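Student: Contents of upload04.pdb (PDB, C-alpha atoms) are given next:
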```
ATOM      1  CA  MET A1398      46.539 -56.350 -15.228
ATOM      2  CA  PRO A1399      45.940 -56.363 -11.460
ATOM      3  CA  ASP A1400      44.206 -53.385  -9.828
ATOM      4  CA  GLN A1401      45.928 -53.927  -6.494
ATOM      5  CA  LEU A1402      48.713 -52.791  -4.214
ATOM      6  CA  PHE A1403      52.139 -54.211  -5.038
ATOM      7  CA  ILE A1404      54.107 -54.841  -1.851
ATOM      8  CA  GLY A1405      57.221 -56.971  -1.570
ATOM      9  CA  GLY A1406      56.595 -58.707  -4.894
ATOM     10  CA  GLU A1407      52.943 -59.515  -4.125
ATOM     11  CA  TRP A1408      49.759 -58.058  -5.572
ATOM     12  CA  ARG A1409      47.242 -57.629  -2.773
ATOM     13  CA  ASP A1410      44.089 -55.816  -1.714
ATOM     14  CA  ALA A1411      43.979 -53.347   1.163
ATOM     15  CA  SER A1412      44.192 -55.173   4.470
ATOM     16  CA  ASP A1413      40.838 -53.772   5.587
ATOM     17  CA  GLY A1414      39.166 -54.187   2.193
ATOM     18  CA  ARG A1415      38.557 -50.502   1.517
ATOM     19  CA  THR A1416      38.603 -49.301  -2.096
ATOM     20  CA  ILE A1417      38.632 -46.142  -4.203
ATOM     21  CA  ASP A1418      36.578 -45.768  -7.398
ATOM     22  CA  VAL A1419      38.333 -44.987 -10.676
ATOM     23  CA  VAL A1420      36.083 -42.956 -12.976
ATOM     24  CA  ASP A1421      36.192 -42.585 -16.761
ATOM     25  CA  PRO A1422      36.194 -38.783 -17.212
ATOM     26  CA  ALA A1423      34.429 -39.089 -20.583
ATOM     27  CA  THR A1424      31.416 -40.969 -19.209
ATOM     28  CA  GLU A1425      31.706 -40.295 -15.458
ATOM     29  CA  GLN A1426      31.158 -44.022 -14.966
ATOM     30  CA  VAL A1427      33.120 -46.112 -12.462
ATOM     31  CA  VAL A1428      35.413 -48.356 -14.507
ATOM     32  CA  ALA A1429      37.471 -49.962 -11.732
ATOM     33  CA  THR A1430      38.239 -49.918  -8.038
ATOM     34  CA  VAL A1431      41.694 -49.843  -6.472
ATOM     35  CA  PRO A1432      42.720 -50.421  -2.850
ATOM     36  CA  ASP A1433      42.563 -47.643  -0.291
ATOM     37  CA  ALA A1434      45.657 -48.648   1.676
ATOM     38  CA  SER A1435      45.408 -48.845   5.446
ATOM     39  CA  ASP A1436      48.117 -47.751   7.868
ATOM     40  CA  ALA A1437      49.091 -51.415   8.150
ATOM     41  CA  ASP A1438      49.564 -51.540   4.376
ATOM     42  CA  VAL A1439      51.795 -48.460   4.475
ATOM     43  CA  ASP A1440      53.876 -50.069   7.209
ATOM     44  CA  ALA A1441      54.139 -53.232   5.104
ATOM     45  CA  VAL A1442      55.303 -51.316   2.045
ATOM     46  CA  LEU A1443      57.929 -49.510   4.109
ATOM     47  CA  ALA A1444      59.284 -52.815   5.388
ATOM     48  CA  ALA A1445      59.325 -54.196   1.852
ATOM     49  CA  ALA A1446      61.169 -51.156   0.511
ATOM     50  CA  ALA A1447      63.787 -51.399   3.261
ATOM     51  CA  SER A1448      64.370 -55.063   2.458
ATOM     52  CA  GLY A1449      64.388 -54.418  -1.284
ATOM     53  CA  PHE A1450      66.971 -51.691  -0.935
ATOM     54  CA  ASP A1451      69.255 -53.973   1.038
ATOM     55  CA  THR A1452      69.116 -56.425  -1.884
ATOM     56  CA  TRP A1453      69.206 -54.044  -4.843
ATOM     57  CA  ARG A1454      71.997 -51.797  -3.619
ATOM     58  CA  ARG A1455      74.293 -54.823  -3.957
ATOM     59  CA  ALA A1456      73.154 -55.700  -7.481
ATOM     60  CA  SER A1457      75.624 -55.016 -10.267
ATOM     61  CA  PRO A1458      75.000 -52.145 -12.683
ATOM     62  CA  THR A1459      74.691 -54.727 -15.453
ATOM     63  CA  GLN A1460      71.937 -56.563 -13.586
ATOM     64  CA  ARG A1461      69.997 -53.338 -13.088
ATOM     65  CA  SER A1462      70.493 -52.369 -16.726
ATOM     66  CA  GLU A1463      69.288 -55.705 -18.049
ATOM     67  CA  ALA A1464      66.150 -55.614 -15.876
ATOM     68  CA  LEU A1465      65.208 -52.180 -17.188
ATOM     69  CA  ALA A1466      65.843 -53.220 -20.786
ATOM     70  CA  ARG A1467      63.588 -56.253 -20.379
ATOM     71  CA  ALA A1468      60.885 -54.086 -18.808
ATOM     72  CA  ALA A1469      61.102 -51.636 -21.722
ATOM     73  CA  SER A1470      60.532 -54.487 -24.171
ATOM     74  CA  LEU A1471      57.528 -55.677 -22.188
ATOM     75  CA  LEU A1472      55.996 -52.195 -22.221
ATOM     76  CA  LEU A1473      56.312 -52.052 -25.994
ATOM     77  CA  GLU A1474      54.703 -55.489 -26.321
ATOM     78  CA  ARG A1475      51.821 -54.365 -24.088
ATOM     79  CA  THR A1476      51.345 -50.905 -25.618
ATOM     80  CA  GLU A1477      47.784 -51.455 -26.847
ATOM     81  CA  GLU A1478      46.565 -52.947 -23.574
ATOM     82  CA  ILE A1479      48.149 -50.242 -21.427
ATOM     83  CA  ALA A1480      47.081 -47.406 -23.733
ATOM     84  CA  ALA A1481      43.455 -48.536 -23.532
ATOM     85  CA  VAL A1482      43.600 -48.413 -19.725
ATOM     86  CA  LEU A1483      45.321 -45.023 -19.788
ATOM     87  CA  THR A1484      42.641 -43.499 -22.019
ATOM     88  CA  GLN A1485      39.857 -45.020 -19.960
ATOM     89  CA  GLU A1486      41.058 -43.614 -16.652
ATOM     90  CA  GLN A1487      42.619 -40.337 -17.822
ATOM     91  CA  GLY A1488      40.653 -39.440 -20.938
ATOM     92  CA  LYS A1489      43.278 -38.448 -23.498
ATOM     93  CA  PRO A1490      42.986 -39.626 -27.136
ATOM     94  CA  LEU A1491      44.160 -43.157 -27.723
ATOM     95  CA  ASP A1492      46.965 -42.097 -30.056
ATOM     96  CA  GLU A1493      48.388 -39.873 -27.320
ATOM     97  CA  SER A1494      48.114 -42.746 -24.844
ATOM     98  CA  ARG A1495      50.035 -45.043 -27.182
ATOM     99  CA  ALA A1496      52.722 -42.412 -27.589
ATOM    100  CA  GLU A1497      52.974 -41.981 -23.830
ATOM    101  CA  VAL A1498      53.440 -45.708 -23.255
ATOM    102  CA  ARG A1499      56.171 -45.776 -25.903
ATOM    103  CA  GLN A1500      57.802 -42.749 -24.276
ATOM    104  CA  SER A1501      57.750 -44.593 -20.950
ATOM    105  CA  ALA A1502      59.505 -47.547 -22.571
ATOM    106  CA  GLU A1503      62.107 -45.101 -23.886
ATOM    107  CA  GLN A1504      62.650 -43.842 -20.348
ATOM    108  CA  PHE A1505      63.325 -47.403 -19.202
ATOM    109  CA  SER A1506      65.687 -47.978 -22.143
ATOM    110  CA  TRP A1507      67.584 -44.742 -21.564
ATOM    111  CA  PHE A1508      68.148 -45.470 -17.894
ATOM    112  CA  ALA A1509      69.144 -49.026 -18.758
ATOM    113  CA  GLY A1510      72.060 -47.408 -20.568
ATOM    114  CA  GLU A1511      72.782 -44.980 -17.759
ATOM    115  CA  ALA A1512      72.821 -47.721 -15.116
ATOM    116  CA  VAL A1513      76.291 -48.792 -16.239
ATOM    117  CA  ARG A1514      77.571 -45.214 -16.419
ATOM    118  CA  ALA A1515      77.245 -44.024 -12.822
ATOM    119  CA  TYR A1516      80.788 -42.732 -12.840
ATOM    120  CA  GLY A1517      82.579 -41.267  -9.839
ATOM    121  CA  ARG A1518      85.401 -38.709  -9.901
ATOM    122  CA  VAL A1519      88.970 -38.483  -8.686
ATOM    123  CA  LEU A1520      90.075 -35.048  -7.486
ATOM    124  CA  ALA A1521      93.682 -33.911  -7.182
ATOM    125  CA  THR A1522      93.783 -31.909  -3.958
ATOM    126  CA  GLU A1523      97.464 -31.473  -3.031
ATOM    127  CA  PRO A1524     100.732 -33.310  -3.652
ATOM    128  CA  GLY A1525     100.581 -36.868  -2.387
ATOM    129  CA  ARG A1526      96.838 -36.805  -1.750
ATOM    130  CA  ARG A1527      93.731 -37.494  -3.782
ATOM    131  CA  SER A1528      90.027 -37.369  -3.069
ATOM    132  CA  TRP A1529      87.435 -39.395  -4.868
ATOM    133  CA  VAL A1530      83.679 -39.168  -5.283
ATOM    134  CA  GLU A1531      81.768 -42.446  -5.378
ATOM    135  CA  ARG A1532      78.091 -42.473  -6.304
ATOM    136  CA  ARG A1533      75.937 -44.675  -4.099
ATOM    137  CA  PRO A1534      72.166 -45.218  -3.985
ATOM    138  CA  VAL A1535      70.516 -42.854  -1.537
ATOM    139  CA  GLY A1536      68.024 -45.403  -0.199
ATOM    140  CA  PRO A1537      64.296 -46.111  -0.425
ATOM    141  CA  VAL A1538      62.431 -43.441  -2.387
ATOM    142  CA  ALA A1539      58.847 -42.255  -1.975
ATOM    143  CA  ALA A1540      57.579 -41.053  -5.364
ATOM    144  CA  PHE A1541      54.313 -39.207  -5.973
ATOM    145  CA  THR A1542      52.886 -38.542  -9.427
ATOM    146  CA  ALA A1543      50.034 -36.531 -10.947
ATOM    147  CA  TRP A1544      47.165 -37.845 -13.044
ATOM    148  CA  ASN A1545      47.760 -35.926 -16.276
ATOM    149  CA  PHE A1546      50.508 -38.250 -17.575
ATOM    150  CA  PRO A1547      49.849 -41.536 -15.752
ATOM    151  CA  ALA A1548      52.529 -43.481 -17.659
ATOM    152  CA  SER A1549      55.393 -41.096 -18.342
ATOM    153  CA  LEU A1550      55.481 -39.510 -14.890
ATOM    154  CA  PRO A1551      55.743 -42.824 -13.004
ATOM    155  CA  ALA A1552      58.309 -44.006 -15.571
ATOM    156  CA  ARG A1553      60.517 -41.029 -14.755
ATOM    157  CA  LYS A1554      60.467 -42.030 -11.091
ATOM    158  CA  LEU A1555      60.752 -45.792 -11.471
ATOM    159  CA  ALA A1556      63.521 -45.937 -14.069
ATOM    160  CA  PRO A1557      66.224 -43.901 -12.283
ATOM    161  CA  ALA A1558      65.502 -45.532  -8.926
ATOM    162  CA  VAL A1559      65.896 -49.012 -10.410
ATOM    163  CA  ALA A1560      68.914 -47.993 -12.502
ATOM    164  CA  PHE A1561      70.960 -46.706  -9.593
ATOM    165  CA  GLY A1562      70.162 -49.229  -6.881
ATOM    166  CA  CYS A1563      67.345 -47.624  -4.916
ATOM    167  CA  SER A1564      64.084 -49.223  -3.909
ATOM    168  CA  ILE A1565      60.944 -47.211  -4.502
ATOM    169  CA  VAL A1566      57.412 -46.802  -3.185
ATOM    170  CA  LEU A1567      55.340 -45.355  -6.023
ATOM    171  CA  CYS A1568      52.160 -43.466  -5.105
ATOM    172  CA  PRO A1569      50.309 -42.709  -8.336
ATOM    173  CA  ALA A1570      47.410 -40.285  -8.452
ATOM    174  CA  VAL A1571      44.255 -42.063  -7.310
ATOM    175  CA  GLU A1572      42.363 -40.613 -10.296
ATOM    176  CA  ALA A1573      44.484 -42.653 -12.742
ATOM    177  CA  PRO A1574      46.488 -45.329 -10.925
ATOM    178  CA  ARG A1575      46.055 -48.411 -13.106
ATOM    179  CA  THR A1576      48.523 -47.316 -15.783
ATOM    180  CA  ALA A1577      51.240 -47.068 -13.147
ATOM    181  CA  MET A1578      50.312 -50.584 -12.017
ATOM    182  CA  ALA A1579      51.015 -51.784 -15.561
ATOM    183  CA  LEU A1580      54.495 -50.231 -15.452
ATOM    184  CA  VAL A1581      55.201 -51.875 -12.110
ATOM    185  CA  ALA A1582      53.968 -55.206 -13.500
ATOM    186  CA  ALA A1583      56.432 -54.900 -16.395
ATOM    187  CA  LEU A1584      59.321 -54.376 -13.970
ATOM    188  CA  ALA A1585      58.223 -57.305 -11.814
ATOM    189  CA  ASP A1586      57.878 -59.542 -14.878
ATOM    190  CA  ALA A1587      61.332 -58.390 -16.003
ATOM    191  CA  GLY A1588      62.840 -59.918 -12.876
ATOM    192  CA  VAL A1589      63.325 -56.965 -10.532
ATOM    193  CA  PRO A1590      63.629 -58.554  -7.058
ATOM    194  CA  ASP A1591      60.814 -58.430  -4.534
ATOM    195  CA  GLY A1592      60.655 -55.218  -2.543
ATOM    196  CA  VAL A1593      62.615 -53.099  -5.004
ATOM    197  CA  VAL A1594      59.540 -51.708  -6.745
ATOM    198  CA  ASN A1595      56.375 -51.204  -4.720
ATOM    199  CA  LEU A1596      53.091 -49.421  -5.411
ATOM    200  CA  ILE A1597      50.461 -48.167  -3.034
ATOM    201  CA  THR A1598      47.184 -46.318  -3.563
ATOM    202  CA  GLY A1599      45.153 -44.590  -0.910
ATOM    203  CA  GLU A1600      44.045 -41.308   0.588
ATOM    204  CA  PRO A1601      46.983 -39.061  -0.415
ATOM    205  CA  PRO A1602      47.402 -36.911   2.742
ATOM    206  CA  ARG A1603      47.301 -39.885   5.078
ATOM    207  CA  VAL A1604      49.488 -42.190   2.981
ATOM    208  CA  SER A1605      52.112 -39.540   2.206
ATOM    209  CA  ALA A1606      52.388 -38.453   5.842
ATOM    210  CA  ARG A1607      52.916 -41.998   7.081
ATOM    211  CA  LEU A1608      55.501 -42.720   4.395
ATOM    212  CA  ILE A1609      57.531 -39.550   4.831
ATOM    213  CA  GLU A1610      57.467 -39.541   8.611
ATOM    214  CA  SER A1611      58.938 -43.042   8.745
ATOM    215  CA  ASP A1612      62.626 -43.766   9.271
ATOM    216  CA  VAL A1613      62.795 -45.735   6.019
ATOM    217  CA  ILE A1614      62.281 -43.161   3.277
ATOM    218  CA  ALA A1615      65.541 -41.462   2.338
ATOM    219  CA  LYS A1616      64.399 -39.435  -0.672
ATOM    220  CA  ILE A1617      61.151 -37.847  -1.875
ATOM    221  CA  SER A1618      60.176 -37.148  -5.470
ATOM    222  CA  LEU A1619      56.994 -35.350  -6.536
ATOM    223  CA  THR A1620      55.490 -34.267  -9.798
ATOM    224  CA  GLY A1621      52.380 -32.375  -8.807
ATOM    225  CA  SER A1622      50.890 -29.114  -7.663
ATOM    226  CA  VAL A1623      52.492 -26.294  -5.696
ATOM    227  CA  PRO A1624      50.202 -26.827  -2.643
ATOM    228  CA  VAL A1625      51.140 -30.511  -2.502
ATOM    229  CA  GLY A1626      54.805 -29.597  -2.875
ATOM    230  CA  ARG A1627      54.541 -27.254   0.104
ATOM    231  CA  GLN A1628      52.908 -29.990   2.154
ATOM    232  CA  LEU A1629      55.655 -32.503   1.374
ATOM    233  CA  VAL A1630      58.330 -29.959   2.283
ATOM    234  CA  ARG A1631      56.671 -29.486   5.667
ATOM    235  CA  LEU A1632      56.424 -33.235   6.233
ATOM    236  CA  SER A1633      60.079 -33.763   5.323
ATOM    237  CA  ALA A1634      61.443 -30.924   7.433
ATOM    238  CA  GLY A1635      61.778 -32.928  10.634
ATOM    239  CA  ARG A1636      64.149 -35.474   9.125
ATOM    240  CA  LEU A1637      65.650 -33.159   6.482
ATOM    241  CA  GLN A1638      64.929 -35.665   3.707
ATOM    242  CA  PRO A1639      66.085 -34.479   0.284
ATOM    243  CA  LEU A1640      63.273 -33.659  -2.137
ATOM    244  CA  THR A1641      62.985 -33.273  -5.876
ATOM    245  CA  LEU A1642      59.857 -31.291  -6.731
ATOM    246  CA  GLU A1643      58.460 -30.711 -10.226
ATOM    247  CA  LEU A1644      55.545 -28.373  -9.641
ATOM    248  CA  GLY A1645      53.062 -26.398 -11.708
ATOM    249  CA  GLY A1646      54.178 -24.212 -14.588
ATOM    250  CA  HIS A1647      53.101 -20.726 -15.640
ATOM    251  CA  ALA A1648      53.935 -20.506 -19.323
ATOM    252  CA  PRO A1649      53.550 -17.252 -21.290
ATOM    253  CA  VAL A1650      53.250 -16.926 -25.070
ATOM    254  CA  LEU A1651      54.537 -13.765 -26.767
ATOM    255  CA  VAL A1652      53.186 -12.846 -30.224
ATOM    256  CA  LEU A1653      55.082  -9.909 -31.675
ATOM    257  CA  ASP A1654      54.175  -7.565 -34.508
ATOM    258  CA  ASP A1655      56.962  -8.596 -36.887
ATOM    259  CA  LEU A1656      54.940 -11.618 -38.110
ATOM    260  CA  ASP A1657      53.464 -11.778 -41.601
ATOM    261  CA  ASP A1658      50.073 -13.354 -42.223
ATOM    262  CA  GLU A1659      51.457 -16.850 -42.758
ATOM    263  CA  ALA A1660      53.502 -16.666 -39.576
ATOM    264  CA  VAL A1661      50.468 -15.448 -37.622
ATOM    265  CA  ASP A1662      48.523 -18.492 -38.818
ATOM    266  CA  ARG A1663      51.361 -20.785 -37.773
ATOM    267  CA  ALA A1664      51.548 -19.095 -34.368
ATOM    268  CA  GLY A1665      47.803 -19.523 -33.851
ATOM    269  CA  ALA A1666      48.003 -23.213 -34.756
ATOM    270  CA  ALA A1667      50.963 -23.752 -32.448
ATOM    271  CA  VAL A1668      49.211 -22.066 -29.531
ATOM    272  CA  VAL A1669      46.043 -24.115 -29.998
ATOM    273  CA  ARG A1670      48.033 -27.364 -30.202
ATOM    274  CA  SER A1671      49.884 -26.491 -27.014
ATOM    275  CA  LYS A1672      46.875 -25.179 -25.137
ATOM    276  CA  PHE A1673      44.422 -27.953 -25.965
ATOM    277  CA  ARG A1674      46.782 -30.919 -25.898
ATOM    278  CA  ASN A1675      45.811 -33.264 -23.080
ATOM    279  CA  ALA A1676      42.814 -30.966 -22.434
ATOM    280  CA  GLY A1677      45.282 -28.286 -21.368
ATOM    281  CA  GLN A1678      46.486 -30.390 -18.449
ATOM    282  CA  VAL A1679      50.202 -29.967 -19.108
ATOM    283  CA  CYS A1680      52.575 -28.027 -16.868
ATOM    284  CA  ILE A1681      53.928 -26.101 -19.880
ATOM    285  CA  SER A1682      50.516 -25.467 -21.428
ATOM    286  CA  PRO A1683      50.148 -21.737 -22.262
ATOM    287  CA  SER A1684      48.531 -19.867 -19.414
ATOM    288  CA  ARG A1685      49.017 -16.283 -20.626
ATOM    289  CA  ILE A1686      49.130 -14.964 -24.195
ATOM    290  CA  PHE A1687      50.559 -11.492 -24.843
ATOM    291  CA  VAL A1688      49.857 -10.159 -28.355
ATOM    292  CA  GLN A1689      51.046  -6.839 -29.747
ATOM    293  CA  ASP A1690      48.288  -4.587 -31.066
ATOM    294  CA  ALA A1691      49.363  -4.666 -34.719
ATOM    295  CA  VAL A1692      48.759  -8.428 -35.011
ATOM    296  CA  HIS A1693      46.087  -8.860 -32.346
ATOM    297  CA  ASP A1694      43.031  -9.229 -34.577
ATOM    298  CA  ARG A1695      44.761 -11.496 -37.092
ATOM    299  CA  PHE A1696      46.091 -13.727 -34.317
ATOM    300  CA  VAL A1697      42.708 -14.006 -32.586
ATOM    301  CA  ALA A1698      41.107 -14.937 -35.901
ATOM    302  CA  ALA A1699      43.762 -17.600 -36.508
ATOM    303  CA  VAL A1700      43.143 -19.093 -33.063
ATOM    304  CA  GLU A1701      39.381 -19.074 -33.605
ATOM    305  CA  ARG A1702      39.769 -20.960 -36.896
ATOM    306  CA  GLN A1703      41.904 -23.613 -35.237
ATOM    307  CA  VAL A1704      39.616 -24.025 -32.214
ATOM    308  CA  ALA A1705      36.576 -24.394 -34.488
ATOM    309  CA  GLN A1706      38.203 -27.466 -36.026
ATOM    310  CA  LEU A1707      38.695 -29.269 -32.699
ATOM    311  CA  ARG A1708      36.539 -32.328 -32.153
ATOM    312  CA  VAL A1709      35.660 -33.063 -28.539
ATOM    313  CA  GLY A1710      34.734 -36.590 -27.552
ATOM    314  CA  PRO A1711      35.828 -39.693 -25.643
ATOM    315  CA  GLY A1712      39.508 -40.486 -25.980
ATOM    316  CA  SER A1713      38.605 -43.905 -27.363
ATOM    317  CA  ASP A1714      36.949 -42.223 -30.392
ATOM    318  CA  PRO A1715      39.600 -41.913 -33.144
ATOM    319  CA  ASP A1716      37.966 -38.693 -34.352
ATOM    320  CA  SER A1717      38.430 -36.935 -31.012
ATOM    321  CA  ASP A1718      41.159 -34.338 -30.569
TER     322      ASP A1718
END
```
Take the structure in this file and express it as structure tokens.
Tutor:
Amino acid sequence: MPDQLFIGGEWRDASDGRTIDVVDPATEQVVATVPDASDADVDAVLAAAASGFDTWRRASPTQRSEALARAASLLLERTEEIAAVLTQEQGKPLDESRAEVRQSAEQFSWFAGEAVRAYGRVLATEPGRRSWVERRPVGPVAAFTAWNFPASLPARKLAPAVAFGCSIVLCPAVEAPRTAMALVAALADAGVPDGVVNLITGEPPRVSARLIESDVIAKISLTGSVPVGRQLVRLSAGRLQPLTLELGGHAPVLVLDDLDDEAVDRAGAAVVRSKFRNAGQVCISPSRIFVQDAVHDRFVAAVERQVAQLRVGPGSDPDSD
């Protein structure tokens, strides 16, 4: 799969040749380089997204649905290849990577169904008059995703944009961008027109500012940290662009004293699974555990037993947890 920018239907390097290293977190070795987009590249992707929106907004819901369904099939066919890349650049166990690619295909399939169900509404207001609500694509979208789920997070941005007639500029996390490139490649191979789906990698503050401050981007979507969310809100304030922000979580666990020994063991196992999944890099991963005194020691012992069984290693090792 190409490790390049995708602009207007073309895979390309940065116009000035600059690159960013992608590092395997298990070995700390550079495994790939991706383009560090220049300002000229950002301007090119904005022009492509504007042109793509003009085309795709006129496409029929059936056409959008069929493109997403084809892309979902391609993702399933390419699961092993994409999962290997995901594990290499993000680090999670290969089984989890496979599951994430399949989940991304499910996102494409689900929105393929929703593409033909973008219903409006008719409202009875007063005798002799009616009002109706018609759903229309908002315009080109700038989407930013985090590195912890490099397939499923981009899928949740790409699929609804394509389903409902928007073009999109996807900016995946530079720590793990190649998985997102594979998703974009599946959409391109599925026949999505040039300019509808675009991908750009580069220095996040500079790229995001140039995208958001343009007159092209009509909607912003972020899955990321609270500080980044604040920054995007500030950047969007001048043009009052609508934002959808999925930011960090702060998930508590409550362990109460009405548990018997078996239930305490189950609670300890559940907490360890949730806390250590994806190395704890999940927005709903437990961050605080409150345990009542009567079960405290038993619960701590149950957690210790579960943690002792964890096997830490490269995600490519089938024995790693």
Student: For this structure, which residues satisfy the selection - the PyMOL selection byres ((chain A and resi 1442) around 9) - when it is evaluated on the file as given? I want them as a list in words.
Tutor: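 Residues picked by the PyMOL selection byres ((chain A and resi 1442) around 9): Phe1403, Ile1404, Gly1405, Ala1437, Asp1438, Val1439, Asp1440, Ala1441, Leu1443, Ala1444, Ala1445, Ala1446, Ala1447, Val1566, Gly1592, Asn1595, Leu1596, Ile1597 and Leu1608 of chain A.
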Student: How many Å lie between atom CA of Gly1635 of chain A and atom CA of Pro1601 of chain A, rounded to one decimal?
Tutor: 19.5 Å
Student: Quick one: everything within 9 Å of segment 1612-1622 of chain A, counting all atoms listed in the file, minus sequence neighbours fewer than 2 positions away in the same chain. Send it as JSON, numbers by chain.
Tutor: {"A": [1443, 1444, 1446, 1447, 1535, 1536, 1537, 1538, 1539, 1540, 1541, 1542, 1543, 1544, 1550, 1554, 1565, 1566, 1608, 1609, 1610, 1624, 1625, 1626, 1627, 1629, 1633, 1636, 1638, 1639, 1640, 1641, 1642, 1643, 1644, 1645]}
Student: Can you pull out the residues contacting Ser1713 of chain A? Cut-off 9 Å, using only C-alpha atoms, and skip same-chain residues under 2 positions away; I want them as a list in words.
Tutor: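 Near Ser1713 of chain A, the qualifying residues are Ala1481, Thr1484, Gln1485, Gly1488, Lys1489, Pro1490, Leu1491, Asp1492, Gly1710, Pro1711, Pro1715, Asp1716 and Ser1717 of chain A.
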Student: Would you kindly identify which residues have an atom no farther than 12 Å from (48.8, -31.2, -19.2), using all atoms listed in the file and the file's own coordinates, and write them out as a ChimeraX atom specification?
Tutor: /A:1487-1489,1493,1543-1547,1549-1550,1620-1622,1645-1648,1670-1684
Student: Emit the selected residues as a PDB file, in the coordinates of the input, including C-alpha atoms.
Tutor:
```
ATOM      1  CA  GLN A1487      42.619 -40.337 -17.822  1.00  0.00           C
ATOM      2  CA  GLY A1488      40.653 -39.440 -20.938  1.00  0.00           C
ATOM      3  CA  LYS A1489      43.278 -38.448 -23.498  1.00  0.00           C
ATOM      4  CA  GLU A1493      48.388 -39.873 -27.320  1.00  0.00           C
ATOM      5  CA  ALA A1543      50.034 -36.531 -10.947  1.00  0.00           C
ATOM      6  CA  TRP A1544      47.165 -37.845 -13.044  1.00  0.00           C
ATOM      7  CA  ASN A1545      47.760 -35.926 -16.276  1.00  0.00           C
ATOM      8  CA  PHE A1546      50.508 -38.250 -17.575  1.00  0.00           C
ATOM      9  CA  PRO A1547      49.849 -41.536 -15.752  1.00  0.00           C
ATOM     10  CA  SER A1549      55.393 -41.096 -18.342  1.00  0.00           C
ATOM     11  CA  LEU A1550      55.481 -39.510 -14.890  1.00  0.00           C
ATOM     12  CA  THR A1620      55.490 -34.267  -9.798  1.00  0.00           C
ATOM     13  CA  GLY A1621      52.380 -32.375  -8.807  1.00  0.00           C
ATOM     14  CA  SER A1622      50.890 -29.114  -7.663  1.00  0.00           C
ATOM     15  CA  GLY A1645      53.062 -26.398 -11.708  1.00  0.00           C
ATOM     16  CA  GLY A1646      54.178 -24.212 -14.588  1.00  0.00           C
ATOM     17  CA  HIS A1647      53.101 -20.726 -15.640  1.00  0.00           C
ATOM     18  CA  ALA A1648      53.935 -20.506 -19.323  1.00  0.00           C
ATOM     19  CA  ARG A1670      48.033 -27.364 -30.202  1.00  0.00           C
ATOM     20  CA  SER A1671      49.884 -26.491 -27.014  1.00  0.00           C
ATOM     21  CA  LYS A1672      46.875 -25.179 -25.137  1.00  0.00           C
ATOM     22  CA  PHE A1673      44.422 -27.953 -25.965  1.00  0.00           C
ATOM     23  CA  ARG A1674      46.782 -30.919 -25.898  1.00  0.00           C
ATOM     24  CA  ASN A1675      45.811 -33.264 -23.080  1.00  0.00           C
ATOM     25  CA  ALA A1676      42.814 -30.966 -22.434  1.00  0.00           C
ATOM     26  CA  GLY A1677      45.282 -28.286 -21.368  1.00  0.00           C
ATOM     27  CA  GLN A1678      46.486 -30.390 -18.449  1.00  0.00           C
ATOM     28  CA  VAL A1679      50.202 -29.967 -19.108  1.00  0.00           C
ATOM     29  CA  CYS A1680      52.575 -28.027 -16.868  1.00  0.00           C
ATOM     30  CA  ILE A1681      53.928 -26.101 -19.880  1.00  0.00           C
ATOM     31  CA  SER A1682      50.516 -25.467 -21.428  1.00  0.00           C
ATOM     32  CA  PRO A1683      50.148 -21.737 -22.262  1.00  0.00           C
ATOM     33  CA  SER A1684      48.531 -19.867 -19.414  1.00  0.00           C
TER      34      SER A1684
END
```
Student: What do you get, as a VMD selection string, if you spell out every residue that the PyMOL selection byres ((chain A and resi 1690-1704) around 7) selects here?
Tutor: chain A and resid 1654 1661 to 1662 1665 to 1666 1669 1688 to 1689 1705 to 1707
Student: Which residues fall under the PyMOL selection byres ((chain A and resi 1476) around 10) in this file, as a list in words?
Tutor: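 Written out, the selection comes to Ser1470, Leu1471, Leu1472, Leu1473, Glu1474, Arg1475, Glu1477, Glu1478, Ile1479, Ala1480, Ala1481, Ser1494, Arg1495, Ala1496, Glu1497, Val1498, Arg1499 and Ala1502 of chain A.
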Student: From the list A:Asp1413, A:Glu1486, A:Asp1451, A:Asp1418, which residue is nearest Thr1576 of chain A when using all atoms listed in the file?
Tutor: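 Between A:Asp1413, A:Glu1486, A:Asp1451, A:Asp1418, the residue approaching Thr1576 of chain A most closely is A:Glu1486.
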Student: Per residue of segment 1596-1630 of chain A within 12 Å of segment 1420-1436 of chain A, note the shortest atom pair and the distance in Å to one decimal, counting all atoms listed in the file, and order the rows by chain and increasing residue number, as CSV.
Tutor:
```
residue,atom,partner,partner_atom,distance
A:Leu1596,CA,A:Ala1434,CA,10.3
A:Ile1597,CA,A:Ala1434,CA,6.7
A:Thr1598,CA,A:Asp1433,CA,5.8
A:Gly1599,CA,A:Asp1433,CA,4.1
A:Glu1600,CA,A:Asp1433,CA,6.6
A:Pro1601,CA,A:Asp1433,CA,9.7
A:Pro1602,CA,A:Ala1434,CA,11.9
A:Arg1603,CA,A:Asp1436,CA,8.4
A:Val1604,CA,A:Asp1436,CA,7.5
A:Ser1605,CA,A:Asp1436,CA,10.7
A:Ala1606,CA,A:Asp1436,CA,10.4
A:Arg1607,CA,A:Asp1436,CA,7.5
A:Leu1608,CA,A:Asp1436,CA,9.6
A:Ser1611,CA,A:Asp1436,CA,11.8
```
Student: In the coordinate frame of the file, compute which residues have an atom within 12 Å of (48.8, -56.5, -8.9) when using all atoms listed in the file, and state them as a PyMOL selection string.
Tutor: chain A and resi 1398-1411+1431-1432+1574-1586+1594-1598
Student: Work out how far apart atom CA of Gln1504 of chain A and atom CA of Ala1558 of chain A are and give it in Å to one decimal.
Tutor: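 Atom-to-atom, atom CA of Gln1504 of chain A to atom CA of Ala1558 of chain A, that is 11.9 Å.
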Student: Give me the residues within 8 Å of segment 1509-1518 of chain A as a count of residues only, counting all atoms listed in the file and dropping any in the same chain fewer than 6 places off.
Tutor: 15
